[in-house]
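Data block below; observations after.
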Amino acid sequence: MFMLIFPDKTLRFRRLKSIIVLAFSFFASLTFAENVSAQALVTHGVAVGDVTTNSAVIWSRTDREATMYAHLEGGRTRPHSASIPVRATNDFTGKLVFKGLKPNTQYSYKLWFSNKPRNDKNHVRGTFKTAPASNDTSPITFAWGGDVAGQNVCRDAQLGFPIFDTIKAMQPDFFIGLGDMIYADGICNETGRYGNAQVKGKFIQSATLKDYWAHWKYNREDRAYRELLSSTPYYPIWDDHEVVNDFGPLHDTRSIAPYTEADHLLPKGLKAFLNYNPVEENHLTPSRLYRNIRWGQHLEMIVLDNRQYRDANFNEDKEGQGKTMLGREQLHWLKTRLKQSDATWKVIVTTVPLSIPTGFPADKGRDGWADFDQNTGFEQELLELMRHLRDEDVRNTVFITTDVHFAEVFRYTPFSQTPDFQVHEYVTGPLNAGLFPNRDFDESLGTESLFFFGPESLSAVSTYEEAMKWMNFGAAEIDAEGNLTLSVRDVNGQVLYQATHLAK
């Protein structure tokens, strides 16, 4: 027997009391720590992205430093488990990359945050399906869109972002977030551009990393958006408003408050984009966003980064002088992928349109591919790409784009001497942003407009109910024979335009 012996009863009582208090405090602190751990909740949903035949990225966020855990099961394969610490330096976001998955397989996952690996009380669940193998002819469906919460057209107080429920109801194999998925240089007031009550954004124009994070959090707080990303493989890419309007590495500064002159915004916007999106990061090329995704025998999707490597918009676009939007390395990669791909369809994802003039104000140069009324676009590089497609006999190529806040479909016959060489462009948007109809387009690539969907003018829309009628997204279906049907659909999923392109 072990006994504590004290010289007198008073001292014995005081010391015993101290021991009891210390012991109580110790066990209470353990209980408190465990409770704090249990309170590390998923705050902004889960997103599953960059899904391939054998891998996937699962993203989530909590509100404190903890460990993110995920458990993955599917098919007849062994379960997969992984974890990663989340820290304040990344705004408590984390991404887990799962390898060794099986093609065309439905997976279910369980995700939670804690400081104890078995403390999964506050978990969330979801599902996704991996891409089919490159010889699999299974039918494919996918959707795309861009432009979310721009020009003070933000989360409606009652409806949120209604278009995401519509996209989810389609049950696409995957969804492409085609740029301007936040408007970091905008604000969201209690009253929207079209007079409706909105959820007010707790941010200003993003001049600090904290403000960039706040914009991402605001959009991800929408229920429909979260539900879509938790169960549908997601392929995001950025455009200009993930940083600042019409930016490139040579013009990503602003001098008017809240900005600081000569303070480069691109690194902050890029970090926030990577923090908040399920994009797989390679430590050898940590900032690379362009990538390709193979989805069965009939589809290779090629996602371009139209921002990070471009020359200044105001530079002249002269033949033979090499003005570039993609950068030489990305352009070479793009040409190689197109030439080597044996997929029936090559879908090129470009966040700026081919022939619709963009760039505001215009005297700072054109921001898209088209030169239009001045020689400051990137048309020479686009022509170089078109010649490559023709000369290498790369068939079945389609461009999908957003950015301009109306929908339009184009057919291009860029070379009069080879009229059988044609490509199509499907422009869609906005998902939920301001409306800016524009009938202008550059005709120098043998351009034909096949369809236009937008209001007559800026002043033709005065209420959010009216504005919703013009919001839209793109959808695609590829059948087992490889025939591609592309459509533009409204906020309710109704087909506005549809065309079938036969496999050649």
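Lettering and numbering for the structure tokens are positional, with chains as A, B, ... in the shown order, residues counted from 1 in each chain, and ligands counted from 1 in the shown order.
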
For the contact check between range 418-441 of chain A and range 336-360 of chain A, emit one row per residue of range 418-441 of chain A within 12 Å, containing the shortest atom pair and the distance in Å rounded to one decimal, counting only C-alpha atoms, chain then rising number order, as CSV.
```
residue,atom,partner,partner_atom,distance
A:Val423,CA,A:Val347,CA,10.7
A:His424,CA,A:Leu354,CA,10.1
A:Glu425,CA,A:Leu354,CA,7.7
A:Tyr426,CA,A:Pro353,CA,9.0
A:Val427,CA,A:Pro353,CA,7.1
A:Thr428,CA,A:Pro353,CA,9.9
A:Gly429,CA,A:Thr351,CA,11.3
A:Phe436,CA,A:Thr358,CA,11.2
A:Pro437,CA,A:Ile356,CA,10.9
A:Asn438,CA,A:Ile356,CA,8.2
A:Arg439,CA,A:Ile356,CA,8.3
A:Asp440,CA,A:Ile356,CA,6.4
A:Phe441,CA,A:Ile356,CA,4.5
```

Mind checking DSSP for range 234-388 of chain A and telling me the helix (DSSP H, G or I) residues as a count of residues only? 39

Can you list, as an MDAnalysis selection string, every protein, DNA or RNA residue that comes within 8 Å of range 61-69 of chain A when you count only C-alpha atoms, leaving out same-chain residues fewer than 6 positions away? chainID A and resid 37 40:46 81:88 91:94 111:117

Using only C-alpha atoms: which of A:Gln158, A:Thr401, A:Asn396, A:Gln422 has the shortest distance to Thr447 in chain A: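 Nearest candidate to Thr447 in chain A out of A:Gln158, A:Thr401, A:Asn396, A:Gln422: A:Gln422.
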
Shell of 10 Å around range 271-278 of chain A, only C-alpha atoms, local chain residues under 6 positions omitted, as a count of residues only: 46

For CA of Val404 in chain A and CA of Glu281 in chain A, the interatomic separation in Å (one decimal):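 So the two atoms, CA of Val404 in chain A and CA of Glu281 in chain A, lie 29.1 Å apart.
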
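CA of Leu385 in chain A is found 22.7 Å from CA of Phe247 in chain A.
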
Determine, counting only C-alpha atoms, which protein, DNA and RNA residues have an atom within 6 Å of an atom of range 119-128 of chain A; residues of the same chain fewer than 3 positions away are not included. Present the result as number ranges by chain. A: 106-112, 116, 230-232

Taking 2 positions as the minimum chain separation for residues in the same chain, which residues sit within 12 Å of Phe421 in chain A when counting only C-alpha atoms? Answer as a short mmCIF file (atom, residue, chain, number, x, y, z; two decimals) with N, CA, C and O atoms, in the first residue's frame.
```
data_model
loop_
_atom_site.label_atom_id
_atom_site.label_comp_id
_atom_site.auth_asym_id
_atom_site.auth_seq_id
_atom_site.Cartn_x
_atom_site.Cartn_y
_atom_site.Cartn_z
N MET A 386 -4.55 27.13 -85.12
CA MET A 386 -5.46 26.64 -86.15
C MET A 386 -4.69 25.96 -87.28
O MET A 386 -5.10 24.91 -87.79
N ARG A 387 -3.58 26.55 -87.67
CA ARG A 387 -2.77 25.93 -88.73
C ARG A 387 -2.25 24.57 -88.29
O ARG A 387 -2.18 23.62 -89.09
N HIS A 388 -1.88 24.47 -87.02
CA HIS A 388 -1.41 23.20 -86.49
C HIS A 388 -2.51 22.14 -86.57
O HIS A 388 -2.26 21.00 -86.98
N LEU A 389 -3.72 22.50 -86.20
CA LEU A 389 -4.84 21.57 -86.27
C LEU A 389 -5.07 21.09 -87.70
O LEU A 389 -5.28 19.90 -87.95
N ARG A 390 -5.01 22.05 -88.64
CA ARG A 390 -5.24 21.69 -90.04
C ARG A 390 -4.10 20.84 -90.58
O ARG A 390 -4.33 19.77 -91.17
N ASP A 391 -2.86 21.28 -90.38
CA ASP A 391 -1.71 20.61 -90.99
C ASP A 391 -1.47 19.22 -90.41
O ASP A 391 -0.98 18.32 -91.12
N GLU A 392 -1.80 19.04 -89.13
CA GLU A 392 -1.60 17.73 -88.50
C GLU A 392 -2.86 16.87 -88.58
O GLU A 392 -2.89 15.78 -88.00
N ASP A 393 -3.86 17.36 -89.30
CA ASP A 393 -5.11 16.64 -89.49
C ASP A 393 -5.72 16.21 -88.16
O ASP A 393 -6.15 15.07 -87.98
N VAL A 394 -5.76 17.17 -87.20
CA VAL A 394 -6.39 16.93 -85.91
C VAL A 394 -7.89 17.19 -86.09
O VAL A 394 -8.33 18.33 -86.22
N ARG A 395 -8.65 16.14 -86.10
CA ARG A 395 -10.09 16.25 -86.36
C ARG A 395 -10.87 16.36 -85.05
O ARG A 395 -10.38 16.07 -83.97
N ASN A 396 -12.12 16.79 -85.21
CA ASN A 396 -13.07 16.79 -84.09
C ASN A 396 -12.56 17.61 -82.90
O ASN A 396 -12.44 17.11 -81.77
N THR A 397 -12.30 18.88 -83.16
CA THR A 397 -11.86 19.79 -82.11
C THR A 397 -12.94 20.83 -81.87
O THR A 397 -13.47 21.44 -82.81
N ARG A 411 -19.14 29.01 -85.80
CA ARG A 411 -18.43 28.08 -86.67
C ARG A 411 -17.32 28.85 -87.39
O ARG A 411 -17.55 29.96 -87.90
N TYR A 412 -16.12 28.27 -87.41
CA TYR A 412 -14.97 28.94 -88.01
C TYR A 412 -14.48 28.14 -89.22
O TYR A 412 -14.31 26.92 -89.15
N THR A 413 -14.23 28.87 -90.30
CA THR A 413 -13.55 28.32 -91.48
C THR A 413 -12.35 29.24 -91.73
O THR A 413 -12.40 30.15 -92.57
N PRO A 414 -11.27 29.06 -90.97
CA PRO A 414 -10.22 30.07 -90.94
C PRO A 414 -9.37 30.16 -92.20
O PRO A 414 -8.72 31.19 -92.43
N PHE A 415 -9.37 29.11 -93.06
CA PHE A 415 -8.50 29.11 -94.23
C PHE A 415 -9.35 28.87 -95.48
O PHE A 415 -9.89 27.78 -95.68
N SER A 416 -9.43 29.89 -96.31
CA SER A 416 -10.30 29.81 -97.49
C SER A 416 -9.84 28.72 -98.45
O SER A 416 -10.66 28.14 -99.17
N GLN A 417 -8.54 28.41 -98.47
CA GLN A 417 -8.02 27.40 -99.39
C GLN A 417 -8.34 25.97 -98.93
O GLN A 417 -8.21 25.03 -99.72
N THR A 418 -8.74 25.83 -97.67
CA THR A 418 -9.13 24.51 -97.15
C THR A 418 -10.48 24.65 -96.44
O THR A 418 -10.55 24.62 -95.20
N PRO A 419 -11.55 24.83 -97.22
CA PRO A 419 -12.87 25.11 -96.62
C PRO A 419 -13.46 23.94 -95.84
O PRO A 419 -14.41 24.12 -95.07
N VAL A 423 -13.88 24.44 -87.25
CA VAL A 423 -13.99 24.17 -85.81
C VAL A 423 -15.16 24.99 -85.27
O VAL A 423 -15.58 25.98 -85.88
N HIS A 424 -15.65 24.58 -84.11
CA HIS A 424 -16.77 25.27 -83.48
C HIS A 424 -16.36 25.79 -82.10
O HIS A 424 -15.49 25.22 -81.44
N LEU A 445 -11.47 35.08 -88.99
CA LEU A 445 -11.24 33.63 -89.00
C LEU A 445 -12.36 32.90 -89.74
O LEU A 445 -12.61 31.73 -89.48
N GLY A 446 -13.00 33.59 -90.67
CA GLY A 446 -14.13 32.98 -91.38
C GLY A 446 -15.25 32.66 -90.41
O GLY A 446 -15.82 31.57 -90.42
#
```

Neighbouring residues of Asp246 in chain A were defined as those with any atom within 12 Å, considering only C-alpha atoms; residues of the same chain fewer than 6 positions away were excluded. Please report them as a PyMOL selection string. chain A and resi 180+183+185+238-240+252-254+266+306-308+310-314+351-352+358-362+364-368+403

Separation of CA of Ala433 in chain A and CA of Ile176 in chain A, in Å? 17.2 Å

Write out as a ChimeraX atom specification all residues of range 279-494 of chain A that DSSP puts in strand (DSSP E or B) for this structure's backbone. /A:282,285,291-294,299-303,345-349,397-401,407-412,423-427,432-433,447-453,472-478,484-490
